[in-house]
file model_33.txt (compact mmCIF, C-alpha atoms)
# COMPACT_ATOMS: atom_id res chain seq x y z
CA MET L 165 -12.87 -1.05 -36.86
CA ALA L 166 -11.28 -1.95 -40.16
CA LEU L 167 -8.78 -4.79 -40.39
CA SER L 168 -6.32 -3.74 -43.08
CA LEU L 169 -4.18 -6.51 -44.49
CA THR L 170 -1.72 -4.67 -46.71
CA ALA L 171 0.97 -5.78 -49.07
CA ALA L 172 3.25 -6.16 -46.08
CA PHE L 173 1.85 -9.70 -45.80
CA SER L 174 3.66 -10.55 -49.00
CA GLN L 175 7.11 -9.15 -48.87
CA GLU L 176 10.37 -10.06 -50.52
CA GLY L 177 11.57 -13.25 -48.87
CA SER L 178 8.13 -14.19 -47.46
CA SER L 179 4.62 -15.05 -48.61
CA TYR L 180 1.35 -15.06 -46.71
CA GLN L 181 -0.20 -18.57 -46.46
CA SER L 182 -3.21 -18.47 -44.12
CA LEU L 183 -5.16 -16.19 -41.82
CA VAL L 184 -7.69 -17.15 -39.14
CA LEU L 185 -9.54 -14.59 -36.97
CA THR L 186 -11.24 -15.95 -33.86
CA VAL L 187 -13.78 -13.58 -32.28
CA TYR L 188 -14.55 -13.74 -28.54
CA ALA L 189 -17.63 -12.60 -26.63
CA ASP L 190 -15.91 -9.51 -25.22
CA GLY L 191 -14.98 -8.26 -28.70
CA ALA L 192 -11.34 -9.36 -28.58
CA VAL L 193 -10.03 -11.03 -31.74
CA HIS L 194 -7.29 -13.66 -31.74
CA VAL L 195 -5.20 -13.56 -34.92
CA THR L 196 -3.34 -16.58 -36.27
CA MET L 197 -1.09 -15.95 -39.30
CA THR L 198 1.16 -18.33 -41.20
CA LEU L 199 3.85 -17.11 -43.60
CA ALA L 200 6.42 -18.97 -45.67
CA VAL L 201 9.83 -17.28 -45.33
CA GLU L 202 13.16 -17.57 -47.10
CA PRO L 203 15.65 -19.27 -44.72
CA THR L 204 18.49 -17.04 -45.92
CA GLN L 205 16.47 -13.89 -45.19
CA PRO L 206 17.66 -12.36 -41.85
CA SER L 207 14.26 -10.86 -40.99
CA VAL L 208 10.76 -10.17 -42.31
CA GLU L 209 8.27 -7.39 -41.69
CA VAL L 210 4.59 -8.09 -41.05
CA ALA L 211 1.76 -5.57 -40.69
CA LEU L 212 -0.24 -6.11 -37.49
CA LEU L 213 -4.03 -5.96 -37.80
CA GLY L 214 -4.65 -3.52 -34.95
CA LYS L 215 -3.01 -0.98 -32.70
CA ALA L 216 -4.05 -2.56 -29.39
CA VAL L 217 -2.07 -5.80 -29.62
CA GLU L 218 -1.41 -8.13 -26.70
CA ASN L 219 0.11 -11.59 -26.09
CA LEU L 220 2.23 -11.52 -29.26
CA LEU L 221 4.06 -14.79 -29.99
CA ALA L 222 6.27 -15.59 -33.01
CA THR L 223 7.59 -19.13 -33.65
CA ASP L 224 9.22 -21.05 -36.51
CA GLU L 225 8.15 -24.40 -37.99
CA ASN L 226 9.74 -26.22 -35.03
CA GLY L 227 7.96 -24.15 -32.40
CA THR L 228 11.10 -22.20 -31.54
CA LEU L 229 10.44 -18.70 -30.24
CA LEU L 230 11.70 -15.94 -32.52
CA ASP L 231 12.73 -12.45 -31.46
CA GLY L 232 10.82 -9.48 -32.82
CA THR L 233 10.26 -5.75 -32.37
CA VAL L 234 7.16 -3.66 -32.94
CA ASN L 235 7.39 -0.21 -34.50
CA GLY L 236 3.95 1.34 -34.81
CA SER L 237 1.85 -1.29 -36.61
CA ILE L 238 4.84 -3.11 -38.15
CA LEU L 239 6.35 -6.21 -36.57
CA THR L 240 9.93 -7.12 -37.55
CA VAL L 241 10.84 -10.74 -36.78
CA ASP L 242 14.35 -12.27 -36.89
CA THR L 243 13.76 -15.35 -39.10
CA LEU L 244 17.25 -16.34 -40.30
CA GLY L 245 17.24 -20.10 -40.88
CA ALA L 246 13.46 -20.48 -40.52
CA SER L 247 11.26 -21.59 -43.42
CA ARG L 248 7.91 -20.83 -41.81
CA LEU L 249 6.69 -18.07 -39.46
CA LEU L 250 3.66 -18.54 -37.22
CA LEU L 251 2.22 -15.45 -35.48
CA ASP L 252 -0.35 -15.48 -32.67
CA TYR L 253 -1.66 -12.36 -30.93
CA ASP L 254 -4.82 -10.72 -29.58
CA CYS L 255 -6.30 -7.51 -30.98
CA LEU L 256 -8.60 -5.47 -28.72
CA ASP L 257 -9.62 -2.73 -31.16
CA LEU L 258 -10.89 -4.57 -34.21
CA THR L 259 -14.60 -4.67 -33.34
CA SER L 260 -17.19 -2.04 -32.43
CA LYS L 261 -20.47 -2.34 -30.54
CA LEU L 262 -23.74 -0.40 -30.62
CA GLY L 263 -26.26 -1.66 -28.08
CA ALA L 264 -26.27 -5.45 -28.44
CA LEU L 265 -25.00 -5.34 -32.03
CA TRP L 266 -21.33 -6.04 -32.76
CA THR L 267 -19.68 -5.12 -36.10
CA LEU L 268 -16.44 -6.42 -37.60
CA LYS L 269 -14.97 -4.89 -40.79
CA VAL L 270 -12.27 -6.63 -42.78
CA SER L 271 -10.25 -5.70 -45.85
CA SER L 272 -8.09 -8.68 -46.91
CA PRO L 273 -6.01 -9.39 -50.02
CA MET L 274 -6.85 -13.12 -49.78
CA ASN L 275 -9.45 -15.56 -48.48
CA PHE L 276 -9.57 -16.02 -44.70
CA THR L 277 -11.55 -17.80 -41.98
CA LEU L 278 -13.63 -15.94 -39.38
CA VAL L 279 -14.65 -17.91 -36.26
CA PHE L 280 -17.43 -16.66 -33.93
CA PRO L 281 -18.44 -17.50 -30.32
CA ALA L 282 -20.70 -20.52 -29.92
CA ASP L 283 -23.81 -18.45 -29.06
CA ALA L 284 -23.31 -15.80 -31.76
CA THR L 285 -26.05 -15.01 -34.28
CA ILE L 286 -25.00 -13.36 -37.55
CA ILE L 287 -27.39 -10.55 -38.46
CA GLU L 288 -25.98 -9.11 -41.66
CA MET L 289 -23.07 -9.57 -44.09
CA SER L 290 -21.91 -7.30 -46.89
CA GLN L 291 -21.06 -10.29 -49.13
CA ILE L 292 -22.10 -13.92 -49.34
CA PRO L 293 -19.47 -16.16 -47.69
CA LEU L 294 -17.60 -18.76 -49.71
CA GLU L 295 -18.38 -21.38 -47.10
CA ILE L 296 -20.30 -21.72 -43.83
CA LYS L 297 -19.02 -24.37 -41.45
CA SER L 298 -18.39 -25.06 -37.78
CA LEU L 299 -15.19 -25.56 -35.83
CA GLY L 300 -16.22 -27.58 -32.80
CA ASP L 301 -19.22 -25.73 -31.38
CA ARG L 302 -18.26 -22.43 -33.02
CA PRO L 303 -19.82 -21.15 -36.28
CA ALA L 304 -17.27 -20.11 -38.90
CA LEU L 305 -17.29 -18.33 -42.26
CA VAL L 306 -14.79 -18.57 -45.08
CA LEU L 307 -14.74 -15.12 -46.63
CA ALA L 308 -13.36 -13.90 -49.94
CA SER L 309 -10.69 -11.27 -50.35
CA GLY L 310 -11.73 -7.64 -50.48
CA SER L 311 -13.91 -5.58 -48.13
CA GLN L 312 -16.18 -7.49 -45.77
CA GLU L 313 -18.51 -6.26 -43.02
CA ILE L 314 -20.26 -8.62 -40.62
CA SER L 315 -22.80 -7.69 -37.92
CA TYR L 316 -23.68 -10.14 -35.16
CA VAL L 317 -25.11 -10.46 -31.66
CA ILE L 318 -23.98 -12.73 -28.85
CA GLY L 319 -26.32 -14.62 -26.56
CA LEU L 320 -29.68 -12.93 -25.94
CA PHE L 321 -31.62 -11.44 -28.84
CA GLY L 322 -35.16 -10.16 -29.16
CA PRO L 323 -37.46 -9.15 -26.24
CA GLN L 324 -35.21 -10.76 -23.64
CA ALA L 325 -32.16 -8.83 -24.84
CA GLU L 326 -34.13 -5.58 -25.04
CA ALA L 327 -35.39 -6.04 -21.48
CA ALA L 328 -31.88 -6.79 -20.23
CA ASP L 329 -30.50 -3.67 -21.94
CA ALA L 330 -33.32 -1.49 -20.52
CA ILE L 331 -32.62 -2.77 -16.99
CA THR L 332 -28.88 -2.13 -17.40
CA ILE L 333 -29.45 1.43 -18.63
CA ALA L 334 -31.83 2.24 -15.76
CA GLN L 335 -29.44 0.74 -13.20
CA ARG L 336 -26.53 2.84 -14.48
CA ALA L 337 -28.60 6.05 -14.38
CA ILE L 338 -29.78 5.39 -10.83
CA ASP L 339 -26.26 4.55 -9.66
CA ALA L 340 -24.94 7.78 -11.19
CA LEU L 341 -27.62 9.91 -9.48
CA ALA L 342 -27.05 8.17 -6.14
CA SER L 343 -23.74 10.06 -5.81
CA GLN L 344 -25.76 13.30 -5.56
CA ASP L 345 -27.48 12.15 -2.34
CA LEU L 346 -30.92 12.17 -3.97
CA ASN L 347 -33.95 10.22 -2.75
CA LEU L 348 -34.23 7.53 -5.42
CA SER L 349 -36.63 5.21 -3.59
CA MET L 350 -39.30 5.41 -6.32
CA PRO L 351 -37.06 4.63 -9.31
CA ARG L 352 -35.29 1.90 -7.31
CA SER L 353 -38.62 0.30 -6.46
CA LYS L 354 -39.70 0.37 -10.09
CA LEU L 355 -36.37 -1.11 -11.17
CA ASN L 356 -36.79 -3.94 -8.67
CA GLU L 357 -40.19 -4.64 -10.24
CA ALA L 358 -38.50 -4.76 -13.65
CA LYS L 359 -35.92 -7.24 -12.38
CA ALA L 360 -38.63 -9.43 -10.85
CA ALA L 361 -40.56 -9.42 -14.15
CA TYR L 362 -37.38 -10.38 -16.00
CA GLU L 363 -36.76 -13.30 -13.63
CA ALA L 364 -40.36 -14.40 -14.31
CA GLN L 365 -39.54 -14.26 -18.07
CA GLN L 366 -42.08 -11.45 -18.58
CA TYR L 367 -39.69 -9.58 -20.86
CA LEU L 368 -42.07 -7.04 -22.36
CA SER L 369 -43.27 -6.04 -18.90
CA ALA L 370 -39.69 -5.97 -17.62
CA LYS L 371 -38.64 -3.60 -20.41
CA SER L 372 -41.61 -1.27 -19.75
CA LEU L 373 -40.92 -1.19 -16.00
CA ALA L 374 -37.22 -0.50 -16.56
CA GLU L 375 -38.07 2.41 -18.86
CA GLN L 376 -40.43 3.76 -16.17
CA ALA L 377 -37.63 3.45 -13.61
CA LEU L 378 -35.33 5.46 -15.88
CA SER L 379 -38.01 8.13 -16.37
CA LEU L 380 -38.60 8.36 -12.60
CA ALA L 381 -34.86 8.72 -12.00
CA TYR L 382 -34.61 11.66 -14.40
CA THR L 383 -37.80 13.22 -12.98
CA THR L 384 -36.32 13.00 -9.48
CA ARG L 385 -33.15 14.67 -10.74
CA ASP L 386 -35.12 17.55 -12.31
CA LEU L 387 -37.36 18.04 -9.25
CA ALA L 388 -34.30 18.15 -6.99
CA ALA L 389 -32.63 20.72 -9.26
CA ASN L 390 -35.77 22.91 -9.23
CA ALA L 391 -36.01 22.65 -5.44
CA THR L 392 -32.34 23.59 -5.08
CA LYS L 393 -32.85 26.64 -7.30
CA ALA L 394 -35.93 27.73 -5.30
CA ILE L 395 -34.06 27.34 -1.99
CA VAL L 396 -31.11 29.38 -3.26
CA GLN L 397 -33.45 32.16 -4.39
CA ALA L 398 -35.22 32.16 -1.01
CA GLU L 399 -31.90 32.36 0.83
CA ALA L 400 -30.86 35.30 -1.36
CA ALA L 401 -34.16 37.14 -0.74
CA ILE L 402 -33.77 36.69 3.03
CA ARG L 403 -30.19 38.02 2.95
CA VAL L 404 -31.27 41.08 0.98
CA ALA L 405 -34.14 41.79 3.38
CA GLN L 406 -31.84 41.51 6.39
CA ALA L 407 -29.21 43.74 4.80
CA GLU L 408 -31.89 46.38 4.07
CA GLY L 409 -33.25 46.21 7.61
CA ARG L 410 -36.61 44.75 6.58
CA THR L 411 -36.96 42.44 9.55
CA ASN L 412 -40.76 42.34 9.94
CA GLY L 413 -41.73 39.04 8.30
CA ILE L 414 -38.20 37.61 8.18
CA ALA L 415 -38.95 35.07 10.94
CA GLU L 416 -41.78 33.63 8.84
CA ALA L 417 -39.52 33.49 5.76
CA GLN L 418 -36.78 31.74 7.73
CA ALA L 419 -39.23 29.20 9.16
CA LEU L 420 -40.54 28.42 5.68
CA LEU L 421 -36.98 28.09 4.39
CA GLU L 422 -36.09 25.66 7.18
CA SER L 423 -39.19 23.61 6.32
CA ALA L 424 -38.10 23.62 2.68
CA ASN L 425 -34.65 22.35 3.66
CA ASN L 426 -36.20 19.62 5.80
CA ALA L 427 -38.46 18.58 2.93
CA TYR L 428 -35.45 18.45 0.60
CA ARG L 429 -33.52 16.25 3.02
CA GLY L 430 -36.55 13.97 3.21
CA GLY L 431 -36.66 13.65 -0.56
CA GLU L 432 -39.88 15.67 -0.93
CA TYR L 433 -38.51 17.88 -3.69
CA LEU L 434 -41.80 19.22 -5.01
CA GLU L 435 -42.87 20.28 -1.49
CA ALA L 436 -39.40 21.75 -0.90
CA ALA L 437 -39.73 23.92 -4.01
CA THR L 438 -43.20 25.09 -2.95
CA LEU L 439 -42.08 26.00 0.59
CA ALA L 440 -38.99 27.76 -0.74
CA GLY L 441 -41.17 29.81 -3.10
CA ARG L 442 -43.33 30.90 -0.16
CA ALA L 443 -40.18 31.75 1.81
CA GLU L 444 -38.93 33.94 -1.03
CA SER L 445 -42.28 35.75 -1.25
CA ALA L 446 -42.32 36.32 2.53
CA ALA L 447 -38.78 37.72 2.42
CA LYS L 448 -39.60 40.06 -0.45
CA GLY L 449 -42.70 41.24 1.43
CA ALA L 450 -40.82 41.87 4.70
CA THR L 451 -40.88 45.47 5.96
CA ALA L 452 -38.66 47.62 8.16
CA PRO L 453 -39.82 48.27 11.76
CA PHE L 454 -41.24 51.75 12.51
CA PRO L 455 -40.56 53.73 15.74
CA SER L 456 -43.52 54.03 18.16
CA LEU L 457 -45.49 57.26 18.66
CA MET L 458 -44.00 57.61 22.14
CA MET L 459 -40.49 57.52 20.68
CA LEU L 460 -41.43 60.10 18.05
CA GLY L 461 -42.96 62.34 20.71
CA ALA L 462 -39.89 62.07 22.92
CA GLY L 463 -37.55 63.47 20.29
CA ALA L 464 -38.26 63.71 16.58
CA ALA L 465 -34.87 65.24 15.92
CA ALA L 466 -33.05 62.51 17.78
CA SER L 467 -35.08 59.89 15.91
CA ALA L 468 -34.22 61.50 12.60
CA VAL L 469 -30.53 61.46 13.46
CA GLY L 470 -30.80 57.86 14.68
CA LEU L 471 -32.69 56.80 11.56
CA THR L 472 -30.07 58.40 9.34
CA ALA L 473 -27.33 56.61 11.23
CA LEU L 474 -29.30 53.36 11.01
CA LEU L 475 -29.70 53.69 7.25
CA LEU L 476 -26.01 54.44 6.85
CA HIS L 477 -25.17 51.43 9.01
CA VAL L 478 -27.54 49.15 7.08
CA ARG L 479 -26.18 50.42 3.77
CA GLY L 480 -22.62 49.77 4.92
CA THR L 481 -23.57 46.36 6.29
CA ARG L 482 -25.18 45.42 3.00
CA THR L 483 -22.16 46.58 1.05
CA ARG L 484 -19.83 44.55 3.23
CA ALA L 485 -22.11 41.50 3.07
CA GLU L 486 -22.28 41.66 -0.71
CA ALA L 487 -18.57 42.31 -1.03
CA SER L 488 -17.47 39.49 1.26
CA ILE L 489 -18.71 36.58 -0.90
CA ASP L 490 -21.03 36.14 -3.84
CA LEU L 491 -23.13 33.26 -2.54
CA GLU L 492 -25.70 33.58 -5.28
CA ARG L 493 -23.04 33.08 -7.93
CA LEU L 494 -21.51 30.14 -6.07
CA PHE L 495 -24.86 28.38 -5.60
CA ARG L 496 -25.82 29.13 -9.20
CA GLU L 497 -22.59 27.61 -10.52
CA LYS L 498 -22.93 24.56 -8.24
CA PRO L 499 -26.68 23.79 -8.19
CA TRP L 500 -26.09 20.26 -6.92
CA LEU L 501 -25.08 21.49 -3.45
CA ASN L 502 -27.67 20.25 -0.96
CA PRO L 503 -29.25 22.44 1.76
CA ASP L 504 -26.88 21.28 4.51
CA GLN L 505 -23.85 22.09 2.38
CA ARG L 506 -25.22 25.52 1.49
CA LYS L 507 -25.95 26.19 5.17
CA VAL L 508 -22.29 25.55 6.06
CA ILE L 509 -21.10 27.78 3.21
CA THR L 510 -23.45 30.57 4.29
CA PHE L 511 -22.24 30.29 7.89
CA LEU L 512 -18.59 30.50 6.79
CA ALA L 513 -19.36 33.53 4.66
CA GLY L 514 -20.91 35.22 7.69
CA LYS L 515 -17.76 34.44 9.66
CA LYS L 516 -15.61 36.29 7.09
CA GLY L 517 -14.65 33.11 5.32
CA GLY L 518 -13.48 30.81 8.10
CA ALA L 519 -14.48 29.07 11.33
CA PHE L 520 -13.52 26.13 13.51
CA GLU L 521 -15.30 22.86 12.83
CA ALA L 522 -16.78 22.96 16.34
CA GLU L 523 -18.34 26.36 15.57
CA ILE L 524 -19.87 24.93 12.41
CA ARG L 525 -21.39 21.99 14.32
CA GLU L 526 -22.94 24.36 16.83
CA ALA L 527 -24.28 26.64 14.11
CA VAL L 528 -25.90 23.95 11.95
CA ASN L 529 -26.91 21.78 14.93
CA GLU L 530 -25.82 18.51 13.33
CA PRO L 531 -23.85 15.53 14.72
CA LYS L 532 -20.09 15.56 14.45
CA SER L 533 -20.05 12.77 11.84
CA THR L 534 -22.59 14.58 9.65
CA VAL L 535 -20.66 17.85 9.73
CA TRP L 536 -17.45 15.97 9.00
CA ARG L 537 -19.00 14.42 5.86
CA ILE L 538 -20.35 17.81 4.72
CA ILE L 539 -16.93 19.45 5.09
CA ARG L 540 -15.21 16.58 3.28
CA ARG L 541 -17.65 16.89 0.37
CA LEU L 542 -17.11 20.67 0.17
CA GLU L 543 -13.37 20.10 0.29
CA ASP L 544 -13.65 17.65 -2.62
CA GLU L 545 -15.61 20.30 -4.54
CA GLY L 546 -12.76 22.78 -3.99
CA ILE L 547 -15.04 25.13 -2.05
CA VAL L 548 -13.28 24.95 1.31
CA SER L 549 -9.90 23.99 2.71
CA VAL L 550 -9.21 22.42 6.12
CA GLU L 551 -6.11 23.17 8.16
CA PRO L 552 -5.09 22.33 11.74
CA LEU L 553 -5.07 25.32 14.07
CA ARG L 554 -4.59 25.22 17.86
CA GLY L 555 -5.39 21.50 17.91
CA GLN L 556 -8.65 21.95 15.95
CA ASN L 557 -9.76 21.86 12.34
CA TYR L 558 -10.14 25.34 10.88
CA VAL L 559 -12.36 25.42 7.79
CA ARG L 560 -11.76 28.21 5.32
CA LEU L 561 -13.55 29.18 2.11
CA GLN L 562 -11.17 28.81 -0.80
CA PRO L 563 -9.76 32.11 -2.17
CA HIS L 564 -11.43 31.78 -5.56
CA GLN L 565 -14.84 31.63 -3.86
CA ASP L 566 -14.26 35.13 -2.33
CA ALA L 567 -15.73 37.88 -4.46
CA GLY L 568 -14.35 40.97 -2.84
CA GLY L 569 -12.46 40.40 0.41
CA ASP L 570 -8.76 40.33 1.11
CA LYS L 571 -8.47 36.94 -0.58
CA ALA L 572 -9.83 38.31 -3.84
CA ALA L 573 -7.13 40.96 -3.72
CA GLY L 574 -4.49 38.25 -3.42
CA ARG L 575 -3.77 38.83 0.30
CA SER L 576 -3.85 36.00 2.79
CA GLN L 577 -6.38 36.53 5.56
CA GLU L 578 -5.54 34.94 8.92
CA PRO L 579 -8.44 33.58 11.01
CA LYS L 580 -9.37 35.42 14.16
CA ARG L 581 -7.66 34.03 17.22

call {"tool": "encode", "arguments": {"input": "model_33.txt", "output": "structure tokens"}}
result
Amino acid sequence: MALSLTAAFSQEGSSYQSLVLTVYADGAVHVTMTLAVEPTQPSVEVALLGKAVENLLATDENGTLLDGTVNGSILTVDTLGASRLLLDYDCLDLTSKLGALWTLKVSSPMNFTLVFPADATIIEMSQIPLEIKSLGDRPALVLASGSQEISYVIGLFGPQAEAADAITIAQRAIDALASQDLNLSMPRSKLNEAKAAYEAQQYLSAKSLAEQALSLAYTTRDLAANATKAIVQAEAAIRVAQAEGRTNGIAEAQALLESANNAYRGGEYLEAATLAGRAESAAKGATAPFPSLMMLGAGAAASAVGLTALLLHVRGTRTRAEASIDLERLFREKPWLNPDQRKVITFLAGKKGGAFEAEIREAVNEPKSTVWRIIRRLEDEGIVSVEPLRGQNYVRLQPHQDAGGDKAAGRSQEPKR
């Protein structure tokens, strides 16, 4: 972030005398400016070095506080009667950081002093300093006017710093994925190994273990996403088979799907994907039941009429099921939904978009606290809304989730009483 010291430092009635920039470990820079001012001048204008300025203090040569106003990056100070103006303030936007490397850029019309933290190590400078000295335990540079760029690190540097950065990156990734209710036991274990190696000062090993932890975290994320996709596809295949009346083999598909959901909840994402794939294949291979020979012998004509009616009924049922809610689209757009959440959504869709919380608990066979957390998560996602009805919580799919029912047409649909 460039520090631009413009001609505003030398204005009519004032002249810039000194400038000291003190850099702190968090990147903040304390600015100390001294200007000589004409006592008969009512006010002076000074250009501030940054936009994020805090703790601004203006005093005269006697330490008397002076009033001032800030307009953009210009400070106007009332200096009538003062012969010297001292400015102190903090700038929070004058440095930038990439990894462990900090960079400070300065463009000054005169020489100035730059003071660093005690444990700073200067890596690179665009120009040779006029002087290198120390102020107490702090290293300092006296730099010439013009453009200057200084790169430095604070504290750790080398293998120890690289290991610390790798551990921090892995920790952040794992913490972010934890919000998705994923099983992160393997990456957490590897990260703990990295931390132990770091404490034992085995920095190269610590860095390698932290990178492995990060890789395991991302692998877990990808396996969970693949398992979710496979489960959604299996659920869709089962719904299609049921709508078409192909019920022979559906029980096997449903059992495999339930096993896939259980594996997902247990963090076995690869096994969940495999079981879900088998469930999808079983659903696609399901067949419609055929009438027995005795039934055919009893009345072929009646069977034909009944079969026609059955096909019409199945066709109408499928149309209504597909029109009520597009679950495939919803699950495709929100692949992070876990099996329990999808089960609740599917149940609500089968109940024409709404049901009491007690009905949901009975349908998914989960404890009250578990169902409550699932509904709260779906509510946060904007998928459902919860409203009190007859002393109970009534859970309703949000209107924008409905693909073809009354809600999609803009009409409010009251729950069955």

call {"tool": "atom_distance", "arguments": {"input": "model_33.txt", "atom1": "atom CA of Ile292 of chain L", "atom2": "atom CA of Leu185 of chain L"}}
result
17.6 Å

call {"tool": "atom_distance", "arguments": {"input": "model_33.txt", "atom1": "atom CA of Ser260 of chain L", "atom2": "atom CA of Asp339 of chain L"}}
result
25.4 Å

call {"tool": "atom_distance", "arguments": {"input": "model_33.txt", "atom1": "atom CA of Asn356 of chain L", "atom2": "atom CA of Gln344 of chain L"}}
result
20.7 Å

call {"tool": "closest_residue", "arguments": {"input": "model_33.txt", "among": "L:Thr204, L:Leu439, L:Thr196, L:Gly517", "to": "Leu220 of chain L", "atoms": "only C-alpha atoms"}}
result
L:Thr196

call {"tool": "residues_around", "arguments": {"input": "model_33.txt", "residues": "Thr243 of chain L", "least_positions_apart": "3", "cutoff": "12 Å", "atoms": "all atoms listed in the file", "output": "ChimeraX atom specification"}}
result
/L:177-178,199-210,222-225,228-232,240,246-250

call {"tool": "residues_around", "arguments": {"input": "model_33.txt", "residues": "Ala304 of chain L", "least_positions_apart": "5", "cutoff": "7 Å", "atoms": "only C-alpha atoms", "output": "VMD selection string"}}
result
chain L and resid 277 to 280 296 to 299

call {"tool": "residues_near_point", "arguments": {"input": "model_33.txt", "point": "(-23.3, 22.0, 9.9)", "cutoff": "7 Å", "atoms": "all atoms listed in the file", "output": "list in words"}}
result
Asp504, Lys507, Val508, Ile524, Arg525, Ala527, Val528, Asn529, Glu530 and Val535 of chain L

call {"tool": "residues_around", "arguments": {"input": "model_33.txt", "residues": "Leu512 of chain L", "least_positions_apart": "4", "cutoff": "12 Å", "atoms": "all atoms listed in the file", "output": "VMD selection string"}}
result
chain L and resid 488 to 489 491 505 to 508 516 to 521 523 to 525 527 to 528 539 542 547 to 549 558 to 562 565 to 566 579

call {"tool": "closest_residue", "arguments": {"input": "model_33.txt", "among": "L:Ala334, L:Ala401, L:Ala192, L:Ala394", "to": "Tyr428 of chain L", "atoms": "only C-alpha atoms"}}
result
L:Ala394

call {"tool": "axis_aligned_box", "arguments": {"input": "model_33.txt", "around": "segment 518-531 of chain L", "padding_each_side": "6 Å", "output": "lines of an AutoDock Vina configuration file"}}
result
center_x = -20.2
center_y = 23.2
center_z = 12.5
size_x = 25.4
size_y = 27.3
size_z = 20.7

call {"tool": "closest_residue", "arguments": {"input": "model_33.txt", "among": "L:Tyr188, L:Pro281, L:Gln406, L:Ala325", "to": "Gly300 of chain L", "atoms": "only C-alpha atoms"}}
result
L:Pro281

call {"tool": "residues_near_point", "arguments": {"input": "model_33.txt", "point": "(-13.5, -13.7, -46.6)", "cutoff": "7 Å", "atoms": "all atoms listed in the file", "output": "JSON, numbers by chain"}}
result
{"L": [275, 276, 277, 293, 306, 307, 308, 309, 312]}

call {"tool": "residues_around", "arguments": {"input": "model_33.txt", "residues": "Thr438 of chain L", "least_positions_apart": "3", "cutoff": "9 Å", "atoms": "all atoms listed in the file", "output": "list in words"}}
result
Ala391, Ala394, Ala424, Tyr433, Leu434, Glu435, Gly441, Arg442 and Ala443 of chain L

call {"tool": "residues_around", "arguments": {"input": "model_33.txt", "residues": "Ala340 of chain L", "least_positions_apart": "5", "cutoff": "12 Å", "atoms": "all atoms listed in the file", "output": "number ranges by chain"}}
result
L: 333-335, 345-346, 348, 378, 381-382, 385

call {"tool": "decode", "arguments": {"input": "model_33.txt", "residues": "segment 171-210 of chain L", "atoms": "C-alpha atoms", "output": "mmCIF file, in the first residue's frame"}}
result
data_model
loop_
_atom_site.group_PDB
_atom_site.id
_atom_site.type_symbol
_atom_site.label_atom_id
_atom_site.label_comp_id
_atom_site.auth_asym_id
_atom_site.auth_seq_id
_atom_site.Cartn_x
_atom_site.Cartn_y
_atom_site.Cartn_z
ATOM 1 C CA ALA L 171 3.130 18.717 -1.630
ATOM 2 C CA ALA L 172 0.460 19.222 1.001
ATOM 3 C CA PHE L 173 3.245 18.660 3.553
ATOM 4 C CA SER L 174 4.734 21.956 2.484
ATOM 5 C CA GLN L 175 2.027 24.497 2.184
ATOM 6 C CA GLU L 176 1.913 28.246 2.431
ATOM 7 C CA GLY L 177 2.355 29.113 6.097
ATOM 8 C CA SER L 178 3.873 25.718 7.040
ATOM 9 C CA SER L 179 6.869 23.521 6.268
ATOM 10 C CA TYR L 180 7.416 19.828 6.868
ATOM 11 C CA GLN L 181 10.277 19.150 9.346
ATOM 12 C CA SER L 182 10.369 15.428 10.192
ATOM 13 C CA LEU L 183 8.568 12.161 9.589
ATOM 14 C CA VAL L 184 8.887 8.896 11.536
ATOM 15 C CA LEU L 185 6.943 5.721 10.660
ATOM 16 C CA THR L 186 6.846 3.027 13.335
ATOM 17 C CA VAL L 187 5.704 -0.392 12.096
ATOM 18 C CA TYR L 188 4.008 -2.878 14.451
ATOM 19 C CA ALA L 189 3.726 -6.662 14.233
ATOM 20 C CA ASP L 190 0.074 -6.567 13.166
ATOM 21 C CA GLY L 191 0.846 -4.319 10.186
ATOM 22 C CA ALA L 192 -0.366 -1.086 11.776
ATOM 23 C CA VAL L 193 1.874 1.943 11.259
ATOM 24 C CA HIS L 194 2.153 4.806 13.736
ATOM 25 C CA VAL L 195 2.885 8.124 12.034
ATOM 26 C CA THR L 196 4.645 11.007 13.775
ATOM 27 C CA MET L 197 4.879 14.270 11.802
ATOM 28 C CA THR L 198 6.358 17.614 12.789
ATOM 29 C CA LEU L 199 5.624 20.816 10.865
ATOM 30 C CA ALA L 200 6.709 24.405 11.414
ATOM 31 C CA VAL L 201 3.712 26.742 11.021
ATOM 32 C CA GLU L 202 3.246 30.480 10.744
ATOM 33 C CA PRO L 203 1.660 31.742 14.010
ATOM 34 C CA THR L 204 -0.484 34.259 12.120
ATOM 35 C CA GLN L 205 -1.876 31.532 9.859
ATOM 36 C CA PRO L 206 -5.412 30.540 11.080
ATOM 37 C CA SER L 207 -5.139 26.935 9.860
ATOM 38 C CA VAL L 208 -3.022 24.502 7.837
ATOM 39 C CA GLU L 209 -3.881 21.517 5.679
ATOM 40 C CA VAL L 210 -1.947 18.253 5.908
#
